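The file data02.cif contains mmCIF, C-alpha atoms (C1' of nucleotides):
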data_input
#
loop_
_atom_site.label_atom_id
_atom_site.label_comp_id
_atom_site.auth_asym_id
_atom_site.auth_seq_id
_atom_site.Cartn_x
_atom_site.Cartn_y
_atom_site.Cartn_z
CA MET A 1 112.29 151.91 157.46
CA ARG A 2 109.07 150.03 157.24
CA ASN A 3 109.79 146.39 156.97
CA LEU A 4 107.63 143.92 155.09
CA ASN A 5 107.09 142.24 158.44
CA ASP A 6 105.08 145.23 159.60
CA LYS A 7 102.56 144.91 156.81
CA PRO A 8 99.54 142.79 157.59
CA GLY A 9 99.04 142.24 153.88
CA HIS A 10 102.42 140.61 153.50
CA LEU A 11 101.98 138.52 156.64
CA ALA A 12 98.58 137.37 155.46
CA ARG A 13 99.93 136.23 152.12
CA ARG A 14 102.86 134.50 153.68
CA PHE A 15 100.77 132.67 156.26
CA GLN A 16 98.38 131.50 153.62
CA GLN A 17 101.24 130.43 151.38
CA ILE A 18 102.59 128.21 154.15
CA ALA A 19 99.11 126.91 154.95
CA VAL A 20 98.63 125.78 151.35
CA ALA A 21 102.07 124.16 151.20
CA VAL A 22 101.39 122.26 154.43
CA PHE A 23 98.01 121.12 153.15
CA HIS A 24 99.52 119.81 149.92
CA ALA A 25 102.28 118.01 151.77
CA GLU A 26 99.90 116.25 154.15
CA MET A 27 97.57 115.36 151.32
CA GLU A 28 100.33 113.90 149.22
CA GLN A 29 101.66 111.89 152.14
CA ALA A 30 98.19 110.46 152.61
CA GLY A 31 98.12 109.48 148.95
CA PHE A 32 95.47 111.92 147.77
CA ASP A 33 95.50 114.68 145.22
CA LEU A 34 93.07 117.26 146.56
CA THR A 35 93.72 120.99 146.78
CA PRO A 36 92.44 123.07 149.71
CA VAL A 37 89.66 124.52 147.57
CA GLN A 38 88.62 121.13 146.32
CA TYR A 39 88.48 119.81 149.86
CA ALA A 40 86.39 122.75 151.07
CA ALA A 41 83.99 122.34 148.16
CA LEU A 42 83.69 118.59 148.66
CA ALA A 43 82.98 118.98 152.36
CA ALA A 44 80.40 121.69 151.71
CA ILE A 45 78.60 119.60 149.11
CA ALA A 46 78.53 116.67 151.50
CA ALA A 47 77.01 118.89 154.18
CA HIS A 48 74.41 120.45 151.90
CA PRO A 49 73.55 117.98 149.14
CA GLY A 50 71.60 119.35 146.20
CA MET A 51 72.90 122.91 146.44
CA ASP A 52 73.67 124.82 143.27
CA GLN A 53 77.04 126.31 142.37
CA ALA A 54 76.24 129.87 143.37
CA THR A 55 75.16 128.73 146.83
CA LEU A 56 78.28 126.62 147.14
CA ALA A 57 80.40 129.63 146.26
CA GLY A 58 78.73 131.71 148.97
CA THR A 59 79.02 128.94 151.55
CA ILE A 60 82.78 128.66 151.29
CA ALA A 61 83.40 132.27 150.20
CA TYR A 62 84.74 131.64 146.72
CA ASP A 63 84.11 133.50 143.54
CA ARG A 64 81.43 131.93 141.36
CA THR A 65 83.62 131.71 138.28
CA THR A 66 86.34 129.98 140.30
CA ILE A 67 83.84 127.39 141.52
CA THR A 68 83.01 126.40 137.96
CA GLY A 69 86.54 125.11 137.45
CA VAL A 70 86.75 123.50 140.88
CA VAL A 71 83.52 121.58 140.33
CA ASP A 72 84.77 120.57 136.88
CA ARG A 73 87.84 118.96 138.41
CA LEU A 74 85.90 117.28 141.21
CA THR A 75 83.47 115.88 138.66
CA GLN A 76 86.33 114.63 136.52
CA LYS A 77 87.74 112.80 139.53
CA GLY A 78 84.37 111.20 140.10
CA LEU A 79 83.91 112.68 143.55
CA VAL A 80 80.99 114.93 142.73
CA ALA A 81 77.99 114.66 140.42
CA ARG A 82 76.48 117.62 138.60
CA ASN A 83 72.85 117.24 137.54
CA PRO A 84 70.30 119.66 136.14
CA SER A 85 68.11 121.12 138.84
CA PRO A 86 64.43 120.22 138.61
CA ARG A 87 63.46 123.58 140.06
CA ASP A 88 65.61 125.90 138.00
CA ARG A 89 66.70 124.97 134.54
CA ARG A 90 69.66 127.37 134.71
CA ALA A 91 71.12 125.71 137.79
CA HIS A 92 73.10 122.56 138.45
CA GLN A 93 72.42 120.44 141.49
CA LEU A 94 75.59 119.22 143.13
CA SER A 95 75.84 116.00 145.05
CA ILE A 96 78.65 113.90 146.42
CA THR A 97 79.27 110.42 145.00
CA ASP A 98 80.07 107.30 147.01
CA ALA A 99 83.71 107.70 146.02
CA GLY A 100 83.57 111.29 147.20
CA GLU A 101 82.10 110.26 150.52
CA LYS A 102 84.80 107.65 150.95
CA THR A 103 87.56 110.08 150.05
CA LEU A 104 86.22 112.62 152.49
CA ASP A 105 86.38 110.07 155.30
CA GLN A 106 89.86 108.91 154.42
CA ILE A 107 91.50 112.31 154.19
CA GLU A 108 90.10 113.63 157.46
CA PRO A 109 93.27 112.76 159.45
CA ALA A 110 95.49 114.49 156.89
CA VAL A 111 93.30 117.59 157.02
CA GLN A 112 93.55 117.67 160.80
CA ALA A 113 97.29 117.21 160.66
CA ALA A 114 97.62 120.09 158.19
CA GLN A 115 95.56 122.44 160.35
CA GLN A 116 97.82 121.65 163.29
CA ALA A 117 101.06 121.86 161.33
CA MET A 118 100.39 125.41 160.17
CA MET A 119 99.99 126.46 163.82
CA ALA A 120 103.02 124.49 164.95
CA GLY A 121 104.98 127.54 166.06
CA LEU A 122 102.25 128.71 168.41
CA THR A 123 101.01 127.53 171.77
CA ALA A 124 97.44 126.27 171.92
CA ALA A 125 96.30 129.52 173.47
CA GLU A 126 98.07 131.58 170.84
CA GLY A 127 96.52 129.48 168.11
CA LYS A 128 93.07 130.13 169.49
CA GLU A 129 93.76 133.84 169.74
CA LEU A 130 95.10 133.98 166.19
CA MET A 131 91.92 132.36 164.92
CA ARG A 132 89.75 134.70 166.94
CA LEU A 133 91.51 137.78 165.59
CA MET A 134 91.37 136.55 162.01
CA ARG A 135 87.67 135.79 162.40
CA LYS A 136 87.05 139.28 163.74
CA ALA A 137 89.00 141.03 160.99
CA ILE A 138 87.28 138.88 158.36
CA ALA A 139 83.83 139.62 159.73
CA ALA A 140 84.48 143.35 159.40
CA GLY A 141 85.76 142.99 155.84
CA ASN A 142 83.41 140.33 154.58
CA GLU A 143 81.68 142.55 152.05
CA LEU A 144 84.91 144.01 150.71
CA SER A 145 85.89 141.03 148.60
CA ARG A 146 83.99 139.91 145.59
CA ALA A 147 83.27 136.57 147.21
CA PRO A 148 81.72 137.27 150.63
CA LEU A 149 80.64 134.43 152.86
CA ARG A 150 76.91 133.77 152.65
CA GLU A 151 74.98 131.62 155.07
CA ALA A 152 73.56 128.66 153.27
CA VAL A 153 69.82 129.13 153.58
CA SER A 154 68.16 125.75 153.62
CA ALA A 155 65.43 125.23 151.07
CA ARG A 156 62.47 127.52 151.57
CA SER A 157 59.87 128.73 149.13
CA MET B 1 80.46 119.24 162.81
CA ARG B 2 83.64 121.20 162.39
CA ASN B 3 82.86 124.55 160.91
CA LEU B 4 85.02 126.23 158.30
CA ASN B 5 85.53 129.02 160.81
CA ASP B 6 87.51 126.68 163.03
CA LYS B 7 90.05 125.93 160.34
CA PRO B 8 93.07 128.22 160.33
CA GLY B 9 93.63 127.36 156.67
CA HIS B 10 90.26 128.75 155.70
CA LEU B 11 90.65 131.83 157.86
CA ALA B 12 94.07 132.48 156.36
CA ARG B 13 92.77 132.29 152.83
CA ARG B 14 89.80 134.48 153.63
CA PHE B 15 91.86 137.14 155.36
CA GLN B 16 94.30 137.26 152.50
CA GLN B 17 91.46 137.41 150.00
CA ILE B 18 90.07 140.49 151.74
CA ALA B 19 93.55 142.02 152.03
CA VAL B 20 94.08 141.74 148.28
CA ALA B 21 90.64 143.16 147.51
CA VAL B 22 91.29 146.12 149.81
CA PHE B 23 94.68 146.72 148.24
CA HIS B 24 93.21 146.74 144.74
CA ALA B 25 90.42 149.09 145.76
CA GLU B 26 92.78 151.62 147.34
CA MET B 27 95.15 151.39 144.40
CA GLU B 28 92.40 151.96 141.88
CA GLN B 29 91.05 154.89 143.84
CA ALA B 30 94.52 156.42 143.79
CA GLY B 31 94.62 155.98 140.02
CA PHE B 32 97.27 153.27 139.86
CA ASP B 33 97.28 149.77 138.50
CA LEU B 34 99.70 147.89 140.74
CA THR B 35 99.03 144.51 142.32
CA PRO B 36 100.28 143.66 145.82
CA VAL B 37 103.08 141.53 144.41
CA GLN B 38 104.15 144.21 142.00
CA TYR B 39 104.24 146.75 144.81
CA ALA B 40 106.32 144.48 147.03
CA ALA B 41 108.76 143.79 144.22
CA LEU B 42 109.07 147.46 143.30
CA ALA B 43 109.73 148.48 146.90
CA ALA B 44 112.32 145.74 147.32
CA ILE B 45 114.16 146.72 144.16
CA ALA B 46 114.20 150.32 145.29
CA ALA B 47 115.68 149.25 148.63
CA HIS B 48 118.33 146.97 147.09
CA PRO B 49 119.22 148.25 143.64
CA GLY B 50 121.21 145.89 141.45
CA MET B 51 119.89 142.69 142.98
CA ASP B 52 119.16 139.73 140.73
CA GLN B 53 115.80 138.02 140.41
CA ALA B 54 116.59 135.07 142.66
CA THR B 55 117.61 137.41 145.47
CA LEU B 56 114.49 139.46 144.93
CA ALA B 57 112.38 136.33 145.17
CA GLY B 58 114.02 135.41 148.49
CA THR B 59 113.68 138.93 149.86
CA ILE B 60 109.92 139.07 149.47
CA ALA B 61 109.30 135.31 149.75
CA TYR B 62 108.01 134.63 146.28
CA ASP B 63 108.67 131.74 143.99
CA ARG B 64 111.36 132.40 141.41
CA THR B 65 109.15 131.45 138.48
CA THR B 66 106.47 133.81 139.70
CA ILE B 67 108.98 136.65 139.91
CA THR B 68 109.86 136.23 136.25
CA GLY B 69 106.34 137.24 135.26
CA VAL B 70 106.10 140.01 137.84
CA VAL B 71 109.34 141.61 136.65
CA ASP B 72 108.12 141.26 133.06
CA ARG B 73 105.05 143.30 133.85
CA LEU B 74 106.95 145.90 135.86
CA THR B 75 109.40 146.28 133.01
CA GLN B 76 106.57 146.63 130.52
CA LYS B 77 105.12 149.44 132.63
CA GLY B 78 108.49 151.14 132.59
CA LEU B 79 108.91 151.05 136.36
CA VAL B 80 111.85 148.67 136.45
CA ALA B 81 114.89 148.08 134.25
CA ARG B 82 116.39 144.63 133.67
CA ASN B 83 120.04 144.59 132.61
CA PRO B 84 122.62 141.85 132.23
CA SER B 85 124.82 141.46 135.28
CA PRO B 86 128.50 142.24 134.73
CA ARG B 87 129.54 139.62 137.24
CA ASP B 88 127.35 136.71 136.23
CA ARG B 89 126.23 136.27 132.68
CA ARG B 90 123.28 134.15 133.78
CA ALA B 91 121.83 136.84 136.00
CA HIS B 92 119.79 139.98 135.43
CA GLN B 93 120.43 143.09 137.46
CA LEU B 94 117.25 144.85 138.50
CA SER B 95 116.97 148.56 139.08
CA ILE B 96 114.12 151.00 139.53
CA THR B 97 113.53 153.70 136.94
CA ASP B 98 112.70 157.34 137.64
CA ALA B 99 109.10 156.59 136.81
CA GLY B 100 109.22 153.70 139.25
CA GLU B 101 110.62 155.89 141.98
CA LYS B 102 107.92 158.46 141.36
CA THR B 103 105.18 155.86 141.40
CA LEU B 104 106.49 154.42 144.63
CA ASP B 105 106.28 157.82 146.29
CA GLN B 106 102.83 158.56 144.99
CA ILE B 107 101.19 155.31 146.02
CA GLU B 108 102.53 155.30 149.56
CA PRO B 109 99.36 156.82 151.06
CA ALA B 110 97.18 154.27 149.29
CA VAL B 111 99.35 151.44 150.58
CA GLN B 112 99.07 152.77 154.13
CA ALA B 113 95.32 153.12 153.78
CA ALA B 114 95.03 149.54 152.56
CA GLN B 115 97.06 148.17 155.45
CA GLN B 116 94.77 149.96 157.88
CA ALA B 117 91.56 149.04 156.10
CA MET B 118 92.25 145.33 156.34
CA MET B 119 92.58 145.66 160.12
CA ALA B 120 89.55 147.92 160.42
CA GLY B 121 87.58 145.49 162.56
CA LEU B 122 90.28 145.26 165.21
CA THR B 123 91.49 147.59 167.92
CA ALA B 124 95.05 148.83 167.62
CA ALA B 125 96.19 146.38 170.28
CA GLU B 126 94.45 143.49 168.57
CA GLY B 127 96.02 144.43 165.27
CA LYS B 128 99.45 144.34 166.81
CA GLU B 129 98.78 141.00 168.41
CA LEU B 130 97.46 139.55 165.14
CA MET B 131 100.65 140.60 163.40
CA ARG B 132 102.79 139.18 166.17
CA LEU B 133 101.04 135.82 166.01
CA MET B 134 101.23 135.63 162.24
CA ARG B 135 104.93 136.49 162.34
CA LYS B 136 105.52 133.74 164.87
CA ALA B 137 103.59 131.10 162.94
CA ILE B 138 105.33 132.13 159.74
CA ALA B 139 108.77 131.94 161.30
CA ALA B 140 108.12 128.37 162.36
CA GLY B 141 106.87 127.37 158.90
CA ASN B 142 109.24 129.42 156.77
CA GLU B 143 110.99 126.42 155.24
CA LEU B 144 107.77 124.56 154.48
CA SER B 145 106.85 126.55 151.40
CA ARG B 146 108.76 126.52 148.17
CA ALA B 147 109.47 130.22 148.54
CA PRO B 148 110.97 130.80 152.00
CA LEU B 149 112.02 134.25 153.07
CA ARG B 150 115.74 134.84 152.71
CA GLU B 151 117.57 137.72 154.26
CA ALA B 152 118.99 139.95 151.58
CA VAL B 153 122.67 139.85 152.38
CA SER B 154 123.74 143.42 152.09
CA ALA B 155 127.27 144.00 150.94
CA ARG B 156 128.87 142.93 154.19
CA SER B 157 130.40 139.75 155.50
"C1'" DT C 1 142.12 121.24 132.98
"C1'" DG C 2 138.11 118.54 133.01
"C1'" DC C 3 134.22 117.01 135.72
"C1'" DT C 4 130.48 117.65 138.86
"C1'" DG C 5 127.18 119.88 141.23
"C1'" DA C 6 124.89 124.21 142.23
"C1'" DT C 7 122.67 128.31 140.55
"C1'" DG C 8 119.93 132.05 137.57
"C1'" DA C 9 116.42 132.30 134.41
"C1'" DT C 10 112.95 130.55 131.75
"C1'" DC C 11 109.22 127.47 129.91
"C1'" DA C 12 105.35 124.18 130.05
"C1'" DG C 13 101.59 122.82 132.58
"C1'" DT C 14 98.06 122.99 136.36
"C1'" DA C 15 95.09 125.39 139.70
"C1'" DT C 16 93.49 129.33 141.93
"C1'" DA C 17 91.30 133.99 141.86
"C1'" DC C 18 89.52 137.94 139.84
"C1'" DT C 19 87.08 141.24 136.03
"C1'" DT C 20 84.04 141.67 132.43
"C1'" DG C 21 80.75 140.14 129.30
"C1'" DT C 22 77.24 136.95 127.46
"C1'" DC C 23 73.28 134.00 127.44
"C1'" DA C 24 69.25 131.84 129.00
"C1'" DA C 25 66.00 131.18 132.46
"C1'" DA C 26 63.57 132.90 136.46
"C1'" DT C 27 61.43 136.46 139.08
"C1'" DA C 28 59.46 140.98 140.07
"C1'" DC C 29 56.60 144.50 138.77
"C1'" DG C 30 53.25 147.35 136.54
"C1'" DC D 1 50.46 139.37 130.58
"C1'" DG D 2 54.57 141.42 129.06
"C1'" DT D 3 58.65 143.72 130.17
"C1'" DA D 4 62.61 144.75 133.19
"C1'" DT D 5 65.68 143.15 136.36
"C1'" DT D 6 67.99 139.55 138.56
"C1'" DT D 7 70.30 135.31 138.63
"C1'" DG D 8 73.03 130.78 137.39
"C1'" DA D 9 76.56 129.33 134.54
"C1'" DC D 10 80.15 129.91 131.59
"C1'" DA D 11 83.80 131.99 128.37
"C1'" DA D 12 87.72 135.04 127.70
"C1'" DG D 13 91.48 137.41 129.57
"C1'" DT D 14 94.94 138.67 133.29
"C1'" DA D 15 97.82 137.68 137.36
"C1'" DT D 16 99.37 134.87 140.97
"C1'" DA D 17 101.55 130.52 142.69
"C1'" DC D 18 103.32 126.15 142.31
"C1'" DT D 19 105.77 121.58 140.17
"C1'" DG D 20 109.01 119.95 137.21
"C1'" DA D 21 112.06 120.44 133.43
"C1'" DT D 22 115.67 122.55 130.52
"C1'" DC D 23 119.64 125.35 129.51
"C1'" DA D 24 123.61 128.10 130.25
"C1'" DT D 25 126.88 129.47 133.41
"C1'" DC D 26 129.49 129.39 137.46
"C1'" DA D 27 132.25 127.40 141.33
"C1'" DG D 28 134.66 123.74 143.66
"C1'" DC D 29 137.72 120.23 143.26
"C1'" DA D 30 140.66 116.35 141.72
#

Starting from the file, lay out its structure as structure tokens.
Amino acid sequence: MRNLNDKPGHLARRFQQIAVAVFHAEMEQAGFDLTPVQYAALAAIAAHPGMDQATLAGTIAYDRTTITGVVDRLTQKGLVARNPSPRDRRAHQLSITDAGEKTLDQIEPAVQAAQQAMMAGLTAAEGKELMRLMRKAIAAGNELSRAPLREAVSARS
Amino acid sequence: MRNLNDKPGHLARRFQQIAVAVFHAEMEQAGFDLTPVQYAALAAIAAHPGMDQATLAGTIAYDRTTITGVVDRLTQKGLVARNPSPRDRRAHQLSITDAGEKTLDQIEPAVQAAQQAMMAGLTAAEGKELMRLMRKAIAAGNELSRAPLREAVSARS
DNA sequence: TGCTGATGATCAGTATACTTGTCAAATACG
DNA sequence: CGTATTTGACAAGTATACTGATCATCAGCA
């Protein structure tokens, strides 16, 4: 009988489920209230200030409609500012606030701890191999999800 | 700077995202409207008829509150029956209907195709190794999520 | 028997994720 | 220059997932 443990789909969900739980736990212990998505978005905005929401979505491989809500919550927490773009009146320019910058610095240890905790059962070599295999599988399937990863093209025109 | 591609948390989310998309695509192509969770629940009920919802949740590692909604939808589709348990008036006994059994048979090829498609970028050996590593990491972190996997105790002690 | 704690199910609330559709602005093209 | 297509953002609707709470019932124990 085929067990659930033989299905990559089940294993993927389960691994991600644990990863999210670990992230939340570390974040709470550090005294912050940031979800994995919110962290990824905040870090991406810090790295590419002035990007619009669609570009942000592509950079971290999230759906555009999901990003709307994420940015809403980050704005509400005062970590991100959303301003009209001078170049495209449809778009919003995203930038990180001072509070956002500070938060990003302070949670870095918790983020590192979470990434290690979710690999706790593996040796260092196994962890590396797991990441390599996931990267390879993801690269092959990138276009299959609605939210493929898109390289952030720096401003050109 | 640390790239997203070095974070197991991001890779896990991305891989799962693609896995779900692939599952949906195969399911739709086969003419069915079952989500991954609904499939897992249906298969588990078929394998252990008469189990209650809490046991089901433990068997496929889902949160109990999530299972409530999943069973609702399966019942609405006529694939699963929910009856009061004769032994515990709090509990609901779950069983698969004839339509559920038939559906389960018919979607099997699509499920297999989905499991293969999400590993398409890997060699067979790599796929096996990816599953082994995920299983190992999951085993170590099983208790960290709110919905740990629980062995379904078959009628034996 | 009465009390206490554990358990099964559900609900309320929050946050992802996705589909589909709409709207306005920008861009491409003839 | 005007139209057709694309694009950025959002709204509505569905389905996971989780936290925390409530409620009824069950089981252990004094």

Could you build a table of the residues in chain D lying no more than 9 Å from chain B, giving for each the nearest pair of atoms and their separation in Å rounded to one decimal place, using all atoms listed in the file, ordered by chain and ascending residue number, as CSV?
residue,atom,partner,partner_atom,distance
D:DA15,C1',B:Thr35,CA,8.5
D:DT16,C1',B:Thr66,CA,7.3
D:DA17,C1',B:Thr66,CA,6.6
D:DC18,C1',B:Asp63,CA,7.9
D:DA24,C1',B:Arg90,CA,7.0
D:DT25,C1',B:Arg90,CA,5.9
D:DC26,C1',B:Asp88,CA,7.7

query = Where does the PyMOL selection byres ((chain C) within 12 of (chain A)) land in this file, that is, which residues does it pick, as JSON, numbers by chain?
reply = {"C": [14, 15, 16, 17, 18, 19, 20, 23, 24, 25, 26, 27]}

query = Taking the file as shown, what set of residues would the PyMOL selection byres ((chain A) within 7 of (chain B)) give back, as an MDAnalysis selection string?
reply = chainID A and resid 7:9 11:19 21:22 115 118:122 130:131 133:138 140:141 144:145

If you keep C-alpha atoms, can you produce a file of those selected residues as a CSV table (one decimal), in the coordinates of the input?
chain,number,residue,atom,x,y,z
A,7,LYS,CA,102.6,144.9,156.8
A,8,PRO,CA,99.5,142.8,157.6
A,9,GLY,CA,99.0,142.2,153.9
A,11,LEU,CA,102.0,138.5,156.6
A,12,ALA,CA,98.6,137.4,155.5
A,13,ARG,CA,99.9,136.2,152.1
A,14,ARG,CA,102.9,134.5,153.7
A,15,PHE,CA,100.8,132.7,156.3
A,16,GLN,CA,98.4,131.5,153.6
A,17,GLN,CA,101.2,130.4,151.4
A,18,ILE,CA,102.6,128.2,154.2
A,19,ALA,CA,99.1,126.9,155.0
A,21,ALA,CA,102.1,124.2,151.2
A,22,VAL,CA,101.4,122.3,154.4
A,115,GLN,CA,95.6,122.4,160.4
A,118,MET,CA,100.4,125.4,160.2
A,119,MET,CA,100.0,126.5,163.8
A,120,ALA,CA,103.0,124.5,165.0
A,121,GLY,CA,105.0,127.5,166.1
A,122,LEU,CA,102.2,128.7,168.4
A,130,LEU,CA,95.1,134.0,166.2
A,131,MET,CA,91.9,132.4,164.9
A,133,LEU,CA,91.5,137.8,165.6
A,134,MET,CA,91.4,136.6,162.0
A,135,ARG,CA,87.7,135.8,162.4
A,136,LYS,CA,87.0,139.3,163.7
A,137,ALA,CA,89.0,141.0,161.0
A,138,ILE,CA,87.3,138.9,158.4
A,140,ALA,CA,84.5,143.4,159.4
A,141,GLY,CA,85.8,143.0,155.8
A,144,LEU,CA,84.9,144.0,150.7
A,145,SER,CA,85.9,141.0,148.6

task = Could you tell me which residues the PyMOL selection byres ((chain C and resi 28) around 12) returns for this structure, as JSON, numbers by chain?
result = {"C": [26, 27, 29, 30], "D": [3, 4, 5, 6]}

Selected residue of minimal separation from Leu34 in chain B among B:Val80, B:Asp105, B:Leu74, B:Ala113, counting only C-alpha atoms =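 Nearest candidate to Leu34 in chain B out of B:Val80, B:Asp105, B:Leu74, B:Ala113: B:Leu74.
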
Rebuild range 71-91 of chain A so that it carries N, CA and C atoms, then output the result as a short mmCIF file (atom, residue, chain, number, x, y, z; two decimals), in the frame of the given file.
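Result saved to selection.cif:
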data_model
loop_
_atom_site.label_atom_id
_atom_site.label_comp_id
_atom_site.auth_asym_id
_atom_site.auth_seq_id
_atom_site.Cartn_x
_atom_site.Cartn_y
_atom_site.Cartn_z
N VAL A 71 84.53 122.64 140.48
CA VAL A 71 83.52 121.58 140.33
C VAL A 71 83.85 120.71 139.11
N ASP A 72 84.34 121.33 138.05
CA ASP A 72 84.77 120.57 136.88
C ASP A 72 85.76 119.49 137.29
N ARG A 73 86.79 119.91 138.04
CA ARG A 73 87.84 118.96 138.41
C ARG A 73 87.34 117.88 139.36
N LEU A 74 86.46 118.27 140.28
CA LEU A 74 85.90 117.28 141.21
C LEU A 74 85.03 116.27 140.46
N THR A 75 84.31 116.77 139.46
CA THR A 75 83.47 115.88 138.66
C THR A 75 84.34 114.90 137.86
N GLN A 76 85.41 115.46 137.31
CA GLN A 76 86.33 114.63 136.52
C GLN A 76 86.93 113.51 137.36
N LYS A 77 87.18 113.81 138.63
CA LYS A 77 87.74 112.80 139.53
C LYS A 77 86.69 111.84 140.05
N GLY A 78 85.44 112.10 139.68
CA GLY A 78 84.37 111.20 140.10
C GLY A 78 83.93 111.36 141.54
N LEU A 79 84.25 112.48 142.13
CA LEU A 79 83.91 112.68 143.55
C LEU A 79 82.59 113.42 143.72
N VAL A 80 82.18 114.09 142.66
CA VAL A 80 80.99 114.93 142.73
C VAL A 80 80.17 114.72 141.46
N ALA A 81 78.86 114.76 141.59
CA ALA A 81 77.99 114.66 140.42
C ALA A 81 77.26 115.97 140.21
N ARG A 82 77.14 116.36 138.94
CA ARG A 82 76.48 117.62 138.60
C ARG A 82 75.27 117.31 137.74
N ASN A 83 74.08 117.55 138.27
CA ASN A 83 72.85 117.24 137.54
C ASN A 83 71.99 118.48 137.38
N PRO A 84 71.20 118.51 136.33
CA PRO A 84 70.30 119.66 136.14
C PRO A 84 69.30 119.73 137.29
N SER A 85 69.05 120.95 137.74
CA SER A 85 68.11 121.12 138.84
C SER A 85 66.69 121.02 138.31
N PRO A 86 65.83 120.34 139.04
CA PRO A 86 64.43 120.22 138.61
C PRO A 86 63.67 121.52 138.83
N ARG A 87 64.19 122.36 139.72
CA ARG A 87 63.46 123.58 140.06
C ARG A 87 63.88 124.80 139.27
N ASP A 88 65.09 124.73 138.73
CA ASP A 88 65.61 125.90 138.00
C ASP A 88 66.48 125.40 136.87
N ARG A 89 66.00 125.58 135.66
CA ARG A 89 66.70 124.97 134.54
C ARG A 89 68.03 125.63 134.23
N ARG A 90 68.33 126.77 134.89
CA ARG A 90 69.66 127.37 134.71
C ARG A 90 70.68 126.70 135.61
N ALA A 91 70.22 126.14 136.72
CA ALA A 91 71.12 125.71 137.79
C ALA A 91 71.51 124.24 137.70
#
